[in-house]
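Below is query_18.cif, which holds mmCIF, C-alpha atoms and all ligand atoms.
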data_coords
#
loop_
_atom_site.label_atom_id
_atom_site.label_comp_id
_atom_site.auth_asym_id
_atom_site.auth_seq_id
_atom_site.Cartn_x
_atom_site.Cartn_y
_atom_site.Cartn_z
CA MET A 767 2.37 -23.02 -9.15
CA LEU A 768 1.48 -20.08 -11.35
CA PRO A 769 -1.80 -20.11 -13.32
CA GLU A 770 -1.71 -21.00 -17.03
CA LEU A 771 -2.59 -18.44 -19.71
CA SER A 772 -5.14 -19.25 -22.42
CA HIS A 773 -4.40 -18.51 -26.08
CA GLU A 774 -6.71 -15.54 -25.81
CA GLU A 775 -4.79 -14.21 -22.81
CA ILE A 776 -1.48 -14.70 -24.64
CA LEU A 777 -2.79 -12.56 -27.48
CA ARG A 778 -4.29 -9.97 -25.13
CA TYR A 779 -1.02 -9.56 -23.21
CA SER A 780 1.37 -10.05 -26.14
CA ARG A 781 2.99 -6.59 -25.63
CA HIS A 782 3.87 -7.67 -22.10
CA LEU A 783 5.11 -11.10 -23.17
CA LEU A 784 7.53 -9.42 -25.59
CA ILE A 785 9.33 -7.65 -22.73
CA PRO A 786 12.08 -9.98 -21.47
CA ASP A 787 11.65 -8.70 -17.87
CA VAL A 788 7.97 -9.64 -17.92
CA GLY A 789 7.57 -12.56 -20.34
CA LEU A 790 5.22 -15.47 -19.80
CA THR A 791 6.20 -15.96 -16.17
CA GLY A 792 5.68 -12.29 -15.38
CA GLN A 793 2.23 -12.32 -16.93
CA GLN A 794 1.40 -15.42 -14.90
CA LYS A 795 2.55 -13.57 -11.77
CA LEU A 796 0.18 -10.73 -12.64
CA LYS A 797 -2.66 -13.21 -13.10
CA ALA A 798 -1.90 -14.76 -9.70
CA ALA A 799 -1.68 -11.38 -7.95
CA SER A 800 -4.30 -9.64 -5.87
CA VAL A 801 -4.44 -5.90 -5.19
CA LEU A 802 -6.79 -3.88 -3.01
CA LEU A 803 -7.48 -0.37 -4.25
CA VAL A 804 -8.95 2.00 -1.69
CA GLY A 805 -10.74 4.82 -3.49
CA THR A 806 -12.17 4.82 -7.01
CA GLY A 807 -11.90 8.57 -7.58
CA GLY A 808 -9.17 10.66 -9.20
CA LEU A 809 -6.23 8.42 -8.33
CA GLY A 810 -8.30 5.25 -8.34
CA SER A 811 -9.52 5.75 -11.91
CA PRO A 812 -6.20 5.31 -13.75
CA ILE A 813 -4.96 2.78 -11.18
CA ALA A 814 -8.01 0.55 -11.64
CA LEU A 815 -7.98 0.87 -15.43
CA TYR A 816 -4.28 0.08 -15.84
CA LEU A 817 -4.24 -2.79 -13.35
CA ALA A 818 -7.28 -4.29 -15.06
CA ALA A 819 -5.77 -3.85 -18.53
CA ALA A 820 -2.47 -5.33 -17.35
CA GLY A 821 -4.21 -8.50 -16.20
CA VAL A 822 -3.84 -8.31 -12.41
CA GLY A 823 -5.94 -11.36 -11.59
CA ARG A 824 -7.90 -10.11 -8.61
CA ILE A 825 -8.62 -6.48 -7.81
CA GLY A 826 -10.64 -5.28 -4.84
CA LEU A 827 -12.30 -1.85 -4.92
CA VAL A 828 -13.35 0.07 -1.80
CA ASP A 829 -15.45 3.23 -1.97
CA TYR A 830 -18.62 4.46 -0.27
CA ASP A 831 -19.61 7.20 -2.68
CA VAL A 832 -21.74 7.61 -5.78
CA VAL A 833 -20.68 9.16 -9.08
CA ASP A 834 -21.20 12.92 -8.97
CA PHE A 835 -21.16 15.37 -11.86
CA SER A 836 -18.18 17.25 -10.38
CA ASN A 837 -16.15 14.00 -10.37
CA LEU A 838 -15.99 13.72 -14.15
CA GLN A 839 -13.34 16.43 -14.58
CA ARG A 840 -10.75 13.85 -13.43
CA GLN A 841 -12.38 10.53 -12.45
CA ILE A 842 -12.16 9.06 -15.92
CA ILE A 843 -13.26 5.53 -15.05
CA HIS A 844 -16.81 6.91 -14.58
CA GLY A 845 -19.08 8.58 -17.11
CA GLU A 846 -22.27 10.61 -17.43
CA SER A 847 -24.29 7.43 -17.97
CA ARG A 848 -23.33 6.35 -14.42
CA LEU A 849 -24.18 9.54 -12.50
CA GLY A 850 -25.73 8.62 -9.16
CA ASP A 851 -24.53 5.01 -9.37
CA LEU A 852 -22.22 3.45 -6.80
CA LYS A 853 -18.64 4.26 -7.73
CA VAL A 854 -17.48 0.70 -7.04
CA GLU A 855 -20.10 -0.68 -9.45
CA SER A 856 -19.38 1.93 -12.13
CA ALA A 857 -15.63 1.22 -11.84
CA ARG A 858 -16.06 -2.56 -11.81
CA ASP A 859 -18.24 -2.53 -14.92
CA ARG A 860 -15.73 -0.42 -16.85
CA MET A 861 -12.83 -2.65 -15.74
CA LEU A 862 -14.63 -5.84 -16.78
CA ASP A 863 -15.49 -4.24 -20.12
CA LEU A 864 -11.77 -3.55 -20.58
CA ASN A 865 -10.75 -7.01 -19.39
CA PRO A 866 -13.29 -9.71 -18.55
CA GLU A 867 -10.49 -12.15 -17.69
CA ILE A 868 -9.97 -10.63 -14.25
CA GLN A 869 -11.92 -10.82 -10.99
CA VAL A 870 -13.15 -7.57 -9.46
CA ASP A 871 -14.43 -7.58 -5.86
CA ILE A 872 -16.34 -4.56 -4.62
CA PHE A 873 -16.77 -3.14 -1.12
CA ASN A 874 -19.35 -0.37 -1.01
CA GLU A 875 -18.35 0.98 2.38
CA LEU A 876 -16.02 3.37 4.13
CA ILE A 877 -12.87 1.49 5.17
CA THR A 878 -12.57 1.74 8.96
CA SER A 879 -10.71 0.09 11.82
CA ASP A 880 -13.67 -2.27 12.19
CA ASN A 881 -13.69 -3.71 8.67
CA ALA A 882 -10.17 -3.03 7.31
CA LEU A 883 -8.50 -6.28 8.40
CA GLU A 884 -11.25 -8.40 6.94
CA ILE A 885 -11.41 -6.46 3.67
CA ALA A 886 -7.64 -6.46 3.16
CA GLU A 887 -7.01 -10.07 4.17
CA PRO A 888 -7.05 -11.73 0.71
CA TYR A 889 -4.86 -9.12 -1.01
CA ASP A 890 -1.07 -8.97 -1.48
CA ILE A 891 -0.77 -5.22 -2.03
CA ILE A 892 -2.82 -2.23 -0.86
CA ILE A 893 -3.01 0.94 -2.95
CA ASP A 894 -4.05 4.18 -1.29
CA GLY A 895 -6.13 6.27 -3.67
CA THR A 896 -7.88 8.29 -0.98
CA ASP A 897 -7.86 11.96 -0.11
CA ASN A 898 -8.08 12.20 3.67
CA PHE A 899 -5.77 11.78 6.62
CA PRO A 900 -7.77 9.31 8.76
CA THR A 901 -7.87 6.79 5.90
CA ARG A 902 -4.23 7.43 5.00
CA TYR A 903 -3.06 6.59 8.54
CA LEU A 904 -5.45 3.65 8.70
CA ILE A 905 -4.06 2.16 5.47
CA ASN A 906 -0.51 2.73 6.67
CA ASP A 907 -1.02 1.00 10.00
CA LEU A 908 -3.04 -1.78 8.37
CA CYS A 909 -0.16 -2.47 5.96
CA VAL A 910 2.49 -2.39 8.70
CA LEU A 911 0.48 -4.69 10.98
CA THR A 912 -0.28 -7.17 8.18
CA GLY A 913 3.12 -6.96 6.45
CA LYS A 914 1.79 -5.68 3.12
CA PRO A 915 3.21 -2.96 0.87
CA ASN A 916 1.25 0.31 0.75
CA VAL A 917 1.43 2.08 -2.61
CA TYR A 918 0.84 5.70 -1.68
CA GLY A 919 -0.10 8.74 -3.75
CA SER A 920 -1.48 12.18 -3.02
CA ILE A 921 -2.45 15.17 -5.11
CA PHE A 922 -3.28 18.85 -4.72
CA ARG A 923 -3.72 21.50 -7.42
CA PHE A 924 -0.52 21.02 -9.51
CA ASP A 925 1.53 18.95 -7.02
CA GLY A 926 1.68 15.24 -6.48
CA GLN A 927 3.55 12.75 -4.33
CA ALA A 928 4.06 9.02 -4.50
CA SER A 929 5.93 6.38 -2.55
CA VAL A 930 5.82 2.74 -1.53
CA PHE A 931 5.65 2.28 2.21
CA TYR A 932 6.74 -1.25 3.05
CA ALA A 933 7.84 -1.58 6.66
CA LYS A 934 9.62 -4.90 6.07
CA GLU A 935 12.08 -3.20 3.73
CA GLY A 936 11.84 0.52 4.47
CA PRO A 937 10.02 3.33 6.21
CA CYS A 938 6.27 3.70 6.61
CA TYR A 939 4.07 6.77 6.26
CA ARG A 940 4.29 7.40 10.01
CA CYS A 941 8.11 7.40 9.85
CA LEU A 942 7.72 10.38 7.53
CA PHE A 943 4.71 12.02 9.20
CA PRO A 944 4.44 10.84 12.83
CA GLU A 945 1.50 13.16 13.48
CA PRO A 946 -1.30 14.34 11.19
CA PRO A 947 -1.42 18.06 10.37
CA PRO A 948 -3.74 20.18 12.56
CA PRO A 949 -7.33 19.81 11.32
CA GLY A 950 -8.04 22.22 8.47
CA LEU A 951 -4.41 23.20 7.81
CA VAL A 952 -4.03 21.08 4.68
CA PRO A 953 -6.99 21.65 2.35
CA SER A 954 -8.43 18.72 0.41
CA CYS A 955 -8.92 18.71 -3.36
CA ALA A 956 -12.64 19.34 -2.71
CA GLU A 957 -11.67 22.62 -1.03
CA GLY A 958 -8.55 23.63 -2.92
CA GLY A 959 -9.04 22.05 -6.33
CA VAL A 960 -6.87 19.83 -8.49
CA LEU A 961 -5.79 19.90 -12.12
CA GLY A 962 -7.82 17.13 -13.75
CA VAL A 963 -4.86 15.36 -15.32
CA LEU A 964 -2.73 15.36 -12.13
CA PRO A 965 -4.30 12.20 -10.64
CA GLY A 966 -3.69 10.61 -14.05
CA THR A 967 0.04 11.19 -13.65
CA ILE A 968 0.29 10.14 -10.00
CA GLY A 969 -2.20 7.26 -10.30
CA SER A 970 -0.26 5.90 -13.28
CA ILE A 971 2.90 5.99 -11.17
CA GLN A 972 1.12 4.08 -8.39
CA ALA A 973 -0.08 1.48 -10.91
CA THR A 974 3.50 1.20 -12.24
CA GLU A 975 4.83 0.59 -8.72
CA ALA A 976 2.19 -2.05 -8.01
CA LEU A 977 3.10 -3.91 -11.24
CA LYS A 978 6.84 -3.74 -10.38
CA LEU A 979 6.15 -5.11 -6.90
CA ILE A 980 4.19 -8.02 -8.39
CA LEU A 981 6.80 -8.71 -11.07
CA GLY A 982 9.74 -8.23 -8.70
CA ILE A 983 11.58 -6.01 -11.18
CA GLY A 984 13.28 -2.61 -11.13
CA GLU A 985 13.79 -0.20 -8.24
CA THR A 986 10.54 0.62 -6.49
CA LEU A 987 9.83 3.78 -4.50
CA ILE A 988 10.47 1.94 -1.21
CA GLY A 989 12.58 4.38 0.85
CA ARG A 990 11.97 7.25 -1.57
CA LEU A 991 9.33 9.94 -1.85
CA LEU A 992 8.62 11.17 -5.37
CA LEU A 993 7.59 14.83 -5.66
CA TYR A 994 5.99 16.01 -8.88
CA ASP A 995 5.29 19.60 -9.89
CA ALA A 996 3.12 19.81 -12.99
CA LEU A 997 3.68 23.57 -13.44
CA ASP A 998 7.42 23.37 -14.00
CA LEU A 999 7.18 19.69 -15.00
CA SER A 1000 9.76 18.49 -12.53
CA PHE A 1001 10.20 15.24 -10.66
CA GLN A 1002 12.31 15.04 -7.53
CA THR A 1003 12.97 12.08 -5.27
CA VAL A 1004 13.78 12.47 -1.61
CA LYS A 1005 15.45 9.64 0.28
CA LEU A 1006 13.44 8.45 3.26
CA THR A 1007 14.80 6.61 6.25
CA LYS A 1008 13.07 4.39 8.74
CA ASN A 1009 12.42 6.07 12.08
CA PRO A 1010 13.57 3.68 14.83
CA ASN A 1011 11.11 5.43 17.17
CA CYS A 1012 8.16 5.08 14.77
CA LYS A 1013 5.05 4.30 16.78
CA VAL A 1014 3.92 1.55 14.44
CA CYS A 1015 7.00 0.15 12.63
CA GLY A 1016 9.78 1.18 15.06
CA GLU A 1017 11.76 -0.94 17.49
CA ASN A 1018 9.24 -0.59 20.32
CA PRO A 1019 5.92 0.00 18.59
CA GLU A 1020 3.08 1.44 20.67
CA ILE A 1021 0.44 0.79 18.05
CA ARG A 1022 -0.22 -2.94 17.86
CA GLU A 1023 -3.75 -2.81 16.53
CA LEU A 1024 -5.84 -0.40 14.50
CA ILE A 1025 -6.92 2.72 16.41
CA ASP A 1026 -9.64 5.38 16.00
CA TYR A 1027 -8.21 7.36 13.08
CA GLU A 1028 -10.88 10.06 12.96
CA ASP A 1029 -10.11 10.80 16.59
CA PHE A 1030 -6.34 10.67 15.93
CA CYS A 1031 -6.61 13.13 13.02
CA GLY A 1032 -9.43 15.26 14.46
CA VAL A 1033 -11.41 15.14 11.20
CA PRO A 1034 -13.98 12.78 9.69
CA ALA A 1035 -12.89 10.37 6.95
CA ARG A 1036 -16.05 10.92 4.94
CA GLU A 1037 -15.93 14.11 2.92
CA HIS A 1038 -19.66 14.80 3.25
CA ASP A 1039 -19.42 14.82 7.04
CA GLN A 1040 -17.04 17.74 7.11
CA GLY A 1041 -19.44 20.64 6.64
CA SER A 1042 -20.77 20.78 10.20
CA ALA A 1043 -19.31 22.73 13.12
CA GLY A 1044 -21.08 20.52 15.66
CA GLU A 1045 -24.27 20.80 17.68
CA GLY A 1046 -25.32 24.34 18.50
CA TRP A 1047 -22.82 25.94 16.13
CA ASP A 1048 -24.55 25.30 12.79
CA ILE A 1049 -27.32 27.15 11.05
CA THR A 1050 -29.13 25.45 8.16
CA PRO A 1051 -29.72 27.36 4.91
CA GLN A 1052 -33.48 27.23 5.64
CA ASP A 1053 -33.07 28.80 9.10
CA LEU A 1054 -30.71 31.45 7.79
CA ALA A 1055 -33.17 32.33 5.00
CA LYS A 1056 -35.99 32.72 7.56
CA LYS A 1057 -33.88 34.93 9.81
CA LEU A 1058 -32.79 37.17 6.95
CA GLN A 1059 -36.38 37.44 5.73
CA SER A 1060 -37.62 38.42 9.17
CA GLY A 1061 -35.17 41.30 9.14
CA VAL A 1062 -32.78 40.08 11.85
CA LYS A 1063 -29.47 41.87 11.45
CA ILE A 1064 -26.83 39.30 10.60
CA ARG A 1065 -23.23 39.88 9.56
CA LEU A 1066 -22.50 37.41 6.77
CA ILE A 1067 -18.84 36.56 6.34
CA ASP A 1068 -17.52 34.60 3.39
CA VAL A 1069 -14.23 32.86 4.31
CA ARG A 1070 -13.46 31.57 0.80
CA GLU A 1071 -10.92 32.94 -1.67
CA PRO A 1072 -11.65 35.88 -4.02
CA HIS A 1073 -11.71 33.61 -7.11
CA GLU A 1074 -14.48 31.56 -5.49
CA GLN A 1075 -16.53 34.67 -4.71
CA GLU A 1076 -16.63 35.24 -8.46
CA ILE A 1077 -18.43 31.90 -8.88
CA SER A 1078 -21.17 32.56 -6.33
CA ASN A 1079 -21.80 34.67 -3.26
CA LEU A 1080 -24.49 35.65 -0.79
CA GLU A 1081 -25.82 39.17 -1.14
CA GLY A 1082 -24.48 41.56 1.47
CA SER A 1083 -21.68 39.26 2.62
CA GLU A 1084 -18.12 40.41 3.17
CA LEU A 1085 -15.03 38.46 2.22
CA ILE A 1086 -12.38 37.48 4.78
CA PRO A 1087 -10.45 34.45 3.45
CA LEU A 1088 -9.72 31.86 6.13
CA GLY A 1089 -5.96 32.39 5.83
CA GLN A 1090 -6.35 36.05 6.84
CA PHE A 1091 -9.07 35.47 9.39
CA ALA A 1092 -7.03 35.70 12.58
CA ALA A 1093 -5.54 39.03 11.45
CA HIS A 1094 -9.03 40.52 11.00
CA LEU A 1095 -10.39 39.48 14.40
CA SER A 1096 -10.26 43.03 15.77
CA GLU A 1097 -12.74 44.15 13.08
CA LEU A 1098 -15.40 41.81 14.39
CA ASP A 1099 -17.75 42.51 17.26
CA SER A 1100 -18.74 39.66 19.57
CA THR A 1101 -22.13 41.26 20.31
CA GLU A 1102 -23.17 40.96 16.65
CA GLU A 1103 -24.84 37.89 15.18
CA ILE A 1104 -22.34 36.47 12.72
CA VAL A 1105 -22.83 33.71 10.14
CA LEU A 1106 -19.72 32.28 8.48
CA TYR A 1107 -19.82 30.45 5.20
CA CYS A 1108 -17.53 28.82 2.63
CA LYS A 1109 -18.09 26.34 -0.21
CA ALA A 1110 -19.35 23.38 1.83
CA GLY A 1111 -18.84 24.28 5.50
CA THR A 1112 -15.34 22.99 6.25
CA ARG A 1113 -13.35 26.21 6.17
CA SER A 1114 -16.14 28.16 7.87
CA THR A 1115 -15.96 25.59 10.68
CA ARG A 1116 -12.25 26.42 11.10
CA ALA A 1117 -13.05 30.15 11.14
CA LEU A 1118 -15.77 29.50 13.70
CA GLU A 1119 -13.26 27.72 15.93
CA ILE A 1120 -11.03 30.80 15.79
CA LEU A 1121 -13.94 33.04 16.82
CA ALA A 1122 -15.23 30.64 19.47
CA SER A 1123 -11.84 30.42 21.10
CA ALA A 1124 -11.70 34.24 21.10
CA GLY A 1125 -14.92 34.25 23.14
CA PHE A 1126 -17.49 34.86 20.38
CA GLU A 1127 -20.76 33.16 21.27
CA LYS A 1128 -23.24 34.53 18.71
CA VAL A 1129 -21.51 33.01 15.69
CA LYS A 1130 -22.82 30.24 13.46
CA ASN A 1131 -21.55 28.12 10.61
CA LEU A 1132 -23.73 27.87 7.48
CA LYS A 1133 -24.13 24.10 7.32
CA GLY A 1134 -23.16 22.72 3.92
CA GLY A 1135 -21.85 26.12 2.81
CA ILE A 1136 -23.00 28.19 -0.14
CA ASN A 1137 -23.48 24.99 -2.15
CA ALA A 1138 -26.23 23.95 0.28
CA TRP A 1139 -27.72 27.44 0.02
CA ALA A 1140 -27.73 27.10 -3.77
CA ALA A 1141 -29.32 23.65 -3.53
CA TYR A 1142 -32.09 24.52 -1.05
CA ILE A 1143 -32.70 28.28 -1.17
CA ASP A 1144 -31.42 29.98 -4.29
CA PRO A 1145 -31.27 27.82 -7.44
CA SER A 1146 -30.05 30.82 -9.45
CA LEU A 1147 -26.61 30.24 -7.86
CA PRO A 1148 -24.36 27.56 -9.38
CA ILE A 1149 -23.08 24.66 -7.29
CA TYR A 1150 -19.36 24.06 -7.71
ZN ZN B 1201 7.19 3.71 10.52
#
In C-alpha cells, how does this file's structure come out?
Ligand SMILES: [Zn+2]
Amino acid sequence: MLPELSHEEILRYSRHLLIPDVGLTGQQKLKAASVLLVGTGGLGSPIALYLAAAGVGRIGLVDYDVVDFSNLQRQIIHGESRLGDLKVESARDRMLDLNPEIQVDIFNELITSDNALEIAEPYDIIIDGTDNFPTRYLINDLCVLTGKPNVYGSIFRFDGQASVFYAKEGPCYRCLFPEPPPPGLVPSCAEGGVLGVLPGTIGSIQATEALKLILGIGETLIGRLLLYDALDLSFQTVKLTKNPNCKVCGENPEIRELIDYEDFCGVPAREHDQGSAGEGWDITPQDLAKKLQSGVKIRLIDVREPHEQEISNLEGSELIPLGQFAAHLSELDSTEEIVLYCKAGTRSTRALEILASAGFEKVKNLKGGINAWAAYIDPSLPIY
C-alpha cells in the first residue's frame, strides 16, 4: 500500500505527476522511499537538496563535522549563517525549509563498523557522499551484506566518477578496486582541491540514480562506471563486470561482517586526524617556534606544490614537492635536524615515512601543517 498524496503535495509535485513514467504512483513511491546519505559536504549538498525537493519521504543524514568557512565554495546546502553549526543540522534545516513534507533523520557521528548496521537498517538505498577510502569500503561492504544498492560518486579537481554498486544485480566497489590505494597515493580534495561546481554535477547524477532506483525506471549505472571530465566536458561509461573472486560479493566471500576499515586502508576516516605522523614523529607549531627562536639550526622543508607556496610559506624553508621527494633524498643529510611541513600535515607525514625508512632519525612532521602554524603562531599568514 503506497501512501496517499494531499492536495498540497499534488500541487508541489505537479511537474513530476505530468511525466508519464513518474505519475501519481511514482510520486507515491518516492514518498514511501527511504534513503541514507552519508556525508553532507560537496556531494551531499546537491543530493540532499534534490532528494528533499523531489519528495523522498525519509532521508537520513550522516556527518560528524561542523560547517567551516572553506566548505562554502562548494557545499551549497550550508551558508555563512550556519558557520560552526553541525552539518547535519544545517543540512536538515535547509531541506525542511525546501520541503517540510518529508522526514529528515540526523546522525551526528562518524559512520563506523560499530554503528553502520544500526544506522542503515531502516533505509532502502545508501548514497556515498564521502571523500575517504575507509568509509567508501565500509559503505560498500555494508550494502553488499545488507543487500542494498550503493549509489557511489567521487570527485577530484576537474574529474568525477559515479556508479551504482548493487551486488544482487551487478558488481560492487571491491569488484572494481579489490584493494585500497597505498596510503597517501591518492590525494583528497582537502589536499588537491576541487572545482566548486564539480560535486554539483556528480551529486546531481547520484540523486538522479537514486530517484530512478526508487521509481524503477530507465537504465541505472549498475554495471557501469561513469567518468566525467569537466575540462573537456566529456562523459564516458566503462562497463564493469562482477568479479567471481570478490572478497565480499564473490562466490566464496571471505568478508562476512564489517571489518576495521581504517586498518584495511591504512588511513583514518576522519579528515582532521590525518595531520599527525604518530607519537615521537610530530612537532607542534609551538615547539617549532621555540626551537627556531632559541637559534637551533633546523632545515625546514616544504613538501607542497609551488602554487601553494605562493599562498603561504615559512621563512627560510625550501620547497621539495612530495612527488619529487624520493629523487631528492641524496641532497638531505641524516645528521641534520629536519622539519617537514605541508598544508595540514598529511603529505609531510608521507615524506617523513620516506625519510624514516631511509634511516633518518632526526626528522619531524609539523603537526597540522602550515595552517596550524598560521592559526597558533603567525596570524599574518592566511589559512587555506
Ligand atoms: Zn564485489
Q.
Can you pull out every residue with an atom within 9 Å of ligand ZN 1201 (chain B)? Use only C-alpha atoms and all ligand atoms and format it as a count of residues only.
A. 25
Q: Excluding Leu783 (chain A) and residues on its chain fewer than 3 positions from it, collect all residues at most 12 Å away from it, counting only C-alpha atoms, and give them as number ranges by chain.
A: A: 771, 775-780, 786-796, 820-821
Glu975 (chain A) surroundings by only C-alpha atoms, 12 Å radius, close-in-sequence under 3 positions cut, as a PDB file with C-alpha atoms, in the frame of the given file:
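And here's out26.pdb as it stands now:
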ATOM      1  CA  VAL A 801      -4.440  -5.900  -5.190  1.00  0.00           C
ATOM      2  CA  ILE A 813      -4.960   2.780 -11.180  1.00  0.00           C
ATOM      3  CA  TYR A 816      -4.280   0.080 -15.840  1.00  0.00           C
ATOM      4  CA  LEU A 817      -4.240  -2.790 -13.350  1.00  0.00           C
ATOM      5  CA  ILE A 891      -0.770  -5.220  -2.030  1.00  0.00           C
ATOM      6  CA  ILE A 892      -2.820  -2.230  -0.860  1.00  0.00           C
ATOM      7  CA  ILE A 893      -3.010   0.940  -2.950  1.00  0.00           C
ATOM      8  CA  PRO A 915       3.210  -2.960   0.870  1.00  0.00           C
ATOM      9  CA  ASN A 916       1.250   0.310   0.750  1.00  0.00           C
ATOM     10  CA  VAL A 917       1.430   2.080  -2.610  1.00  0.00           C
ATOM     11  CA  TYR A 918       0.840   5.700  -1.680  1.00  0.00           C
ATOM     12  CA  GLY A 919      -0.100   8.740  -3.750  1.00  0.00           C
ATOM     13  CA  ALA A 928       4.060   9.020  -4.500  1.00  0.00           C
ATOM     14  CA  SER A 929       5.930   6.380  -2.550  1.00  0.00           C
ATOM     15  CA  VAL A 930       5.820   2.740  -1.530  1.00  0.00           C
ATOM     16  CA  PHE A 931       5.650   2.280   2.210  1.00  0.00           C
ATOM     17  CA  ILE A 968       0.290  10.140 -10.000  1.00  0.00           C
ATOM     18  CA  GLY A 969      -2.200   7.260 -10.300  1.00  0.00           C
ATOM     19  CA  SER A 970      -0.260   5.900 -13.280  1.00  0.00           C
ATOM     20  CA  ILE A 971       2.900   5.990 -11.170  1.00  0.00           C
ATOM     21  CA  GLN A 972       1.120   4.080  -8.390  1.00  0.00           C
ATOM     22  CA  LYS A 978       6.840  -3.740 -10.380  1.00  0.00           C
ATOM     23  CA  LEU A 979       6.150  -5.110  -6.900  1.00  0.00           C
ATOM     24  CA  ILE A 980       4.190  -8.020  -8.390  1.00  0.00           C
ATOM     25  CA  LEU A 981       6.800  -8.710 -11.070  1.00  0.00           C
ATOM     26  CA  GLY A 982       9.740  -8.230  -8.700  1.00  0.00           C
ATOM     27  CA  ILE A 983      11.580  -6.010 -11.180  1.00  0.00           C
ATOM     28  CA  GLY A 984      13.280  -2.610 -11.130  1.00  0.00           C
ATOM     29  CA  GLU A 985      13.790  -0.200  -8.240  1.00  0.00           C
ATOM     30  CA  THR A 986      10.540   0.620  -6.490  1.00  0.00           C
ATOM     31  CA  LEU A 987       9.830   3.780  -4.500  1.00  0.00           C
ATOM     32  CA  ILE A 988      10.470   1.940  -1.210  1.00  0.00           C
ATOM     33  CA  LEU A 992       8.620  11.170  -5.370  1.00  0.00           C
TER      34      LEU A 992
END
**Q.** Using all atoms listed in the file: which of A:Asn1131, A:Ser1083, A:Asn837, A:Thr878 has the shortest distance to Gly1046 (chain A)
**A.**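 So, comparing all the options, the nearest one is A:Asn1131.
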Q.
To one decimal place in Å, what is the distance between CA of Leu1080 (chain A) and CA of Ala1043 (chain A)?
A. 19.7 Å
Q | Among the residues A:Gly1135, A:Gly913, A:Gly926, A:Gly895, the one that comes closest to Leu883 (chain A) [using all atoms listed in the file] | A |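 Using all atoms listed in the file, Leu883 (chain A) sits closest to A:Gly913.
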Q. Which protein, DNA or RNA residues are at most 10 Å from (-8.5, 36.3, 4.6) in the file's coordinates when you count only C-alpha atoms, listed as a list in words?
A. Asp1068, Val1069, Arg1070, Glu1071, Pro1072, Leu1085, Ile1086, Pro1087, Leu1088, Gly1089, Gln1090, Phe1091, Ala1092, Ala1093 and His1094 of chain A
(Q) Counting all atoms listed in the file, find residues at most 10 Å from (4.2, 22.0, -10.3) (file frame) and give them as a PyMOL selection string. (A) chain A and resi 922-926+964+993-1001
Q: State, in Å with one decimal place, the distance from CA of Pro1051 (chain A) to CA of Trp1139 (chain A).
A: 5.3 Å
(Q) What's around region 1025-1030 of chain A at 12 Å? Count only C-alpha atoms, leave out sequence neighbours fewer than 6 positions away in its own chain, and write the answer as a VMD selection string. (A) chain A and resid 877 to 880 882 898 to 908 911 944 to 949 1014 1036 to 1037 1039 to 1040
Q) Of the candidates A:Leu1098, A:Leu876, A:Ala1117, A:Ala976, which one gets nearest to Ala1035 (chain A) if we count only C-alpha atoms? A)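 So, comparing all the options, the nearest one is A:Leu876.
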Q: Determine, counting all atoms listed in the file, which protein, DNA and RNA residues have an atom within 7 Å of an atom of Val822 (chain A); residues of the same chain fewer than 6 positions away are not included. Present the result as an MDAnalysis selection string.
A: chainID A and resid 796:797 799:800 868
Q | Closest of A:Glu884, A:Glu867, A:Glu1020, A:Asp851 to Tyr830 (chain A) - atom-to-atom distances counting all atoms listed in the file | A | A:Asp851
Q. What gap, in Å, lies between CA of Leu961 (chain A) and CA of Gln839 (chain A)?
A. 8.7 Å
Because some atoms of region 980-988 of chain A are absent here, can you restore N, CA, C and O atoms and send them as a PDB file, in the frame of the given file?
ATOM      1  N   ILE A 980       4.683  -6.677  -8.049  1.00  0.00           N
ATOM      2  CA  ILE A 980       4.190  -8.020  -8.390  1.00  0.00           C
ATOM      3  C   ILE A 980       5.235  -8.775  -9.209  1.00  0.00           C
ATOM      4  O   ILE A 980       5.517  -9.945  -8.970  1.00  0.00           O
ATOM      5  N   LEU A 981       5.839  -8.071 -10.166  1.00  0.00           N
ATOM      6  CA  LEU A 981       6.800  -8.710 -11.070  1.00  0.00           C
ATOM      7  C   LEU A 981       8.163  -8.893 -10.418  1.00  0.00           C
ATOM      8  O   LEU A 981       8.976  -9.701 -10.893  1.00  0.00           O
ATOM      9  N   GLY A 982       8.430  -8.141  -9.354  1.00  0.00           N
ATOM     10  CA  GLY A 982       9.740  -8.230  -8.700  1.00  0.00           C
ATOM     11  C   GLY A 982      10.856  -7.662  -9.562  1.00  0.00           C
ATOM     12  O   GLY A 982      11.971  -8.196  -9.585  1.00  0.00           O
ATOM     13  N   ILE A 983      10.556  -6.594 -10.300  1.00  0.00           N
ATOM     14  CA  ILE A 983      11.580  -6.010 -11.180  1.00  0.00           C
ATOM     15  C   ILE A 983      11.804  -4.532 -10.836  1.00  0.00           C
ATOM     16  O   ILE A 983      10.949  -3.885 -10.233  1.00  0.00           O
ATOM     17  N   GLY A 984      12.973  -4.037 -11.235  1.00  0.00           N
ATOM     18  CA  GLY A 984      13.280  -2.610 -11.130  1.00  0.00           C
ATOM     19  C   GLY A 984      13.507  -2.160  -9.694  1.00  0.00           C
ATOM     20  O   GLY A 984      13.611  -2.956  -8.767  1.00  0.00           O
ATOM     21  N   GLU A 985      13.623  -0.825  -9.554  1.00  0.00           N
ATOM     22  CA  GLU A 985      13.790  -0.200  -8.240  1.00  0.00           C
ATOM     23  C   GLU A 985      12.459   0.457  -7.894  1.00  0.00           C
ATOM     24  O   GLU A 985      12.046   1.394  -8.577  1.00  0.00           O
ATOM     25  N   THR A 986      11.825   0.001  -6.860  1.00  0.00           N
ATOM     26  CA  THR A 986      10.540   0.620  -6.490  1.00  0.00           C
ATOM     27  C   THR A 986      10.809   1.881  -5.678  1.00  0.00           C
ATOM     28  O   THR A 986      11.954   2.229  -5.386  1.00  0.00           O
ATOM     29  N   LEU A 987       9.728   2.555  -5.312  1.00  0.00           N
ATOM     30  CA  LEU A 987       9.830   3.780  -4.500  1.00  0.00           C
ATOM     31  C   LEU A 987       9.937   3.464  -2.998  1.00  0.00           C
ATOM     32  O   LEU A 987       9.736   4.365  -2.184  1.00  0.00           O
ATOM     33  N   ILE A 988      10.242   2.236  -2.634  1.00  0.00           N
ATOM     34  CA  ILE A 988      10.470   1.940  -1.210  1.00  0.00           C
ATOM     35  C   ILE A 988      11.664   2.765  -0.742  1.00  0.00           C
ATOM     36  O   ILE A 988      12.728   2.752  -1.370  1.00  0.00           O
TER      37      ILE A 988
END
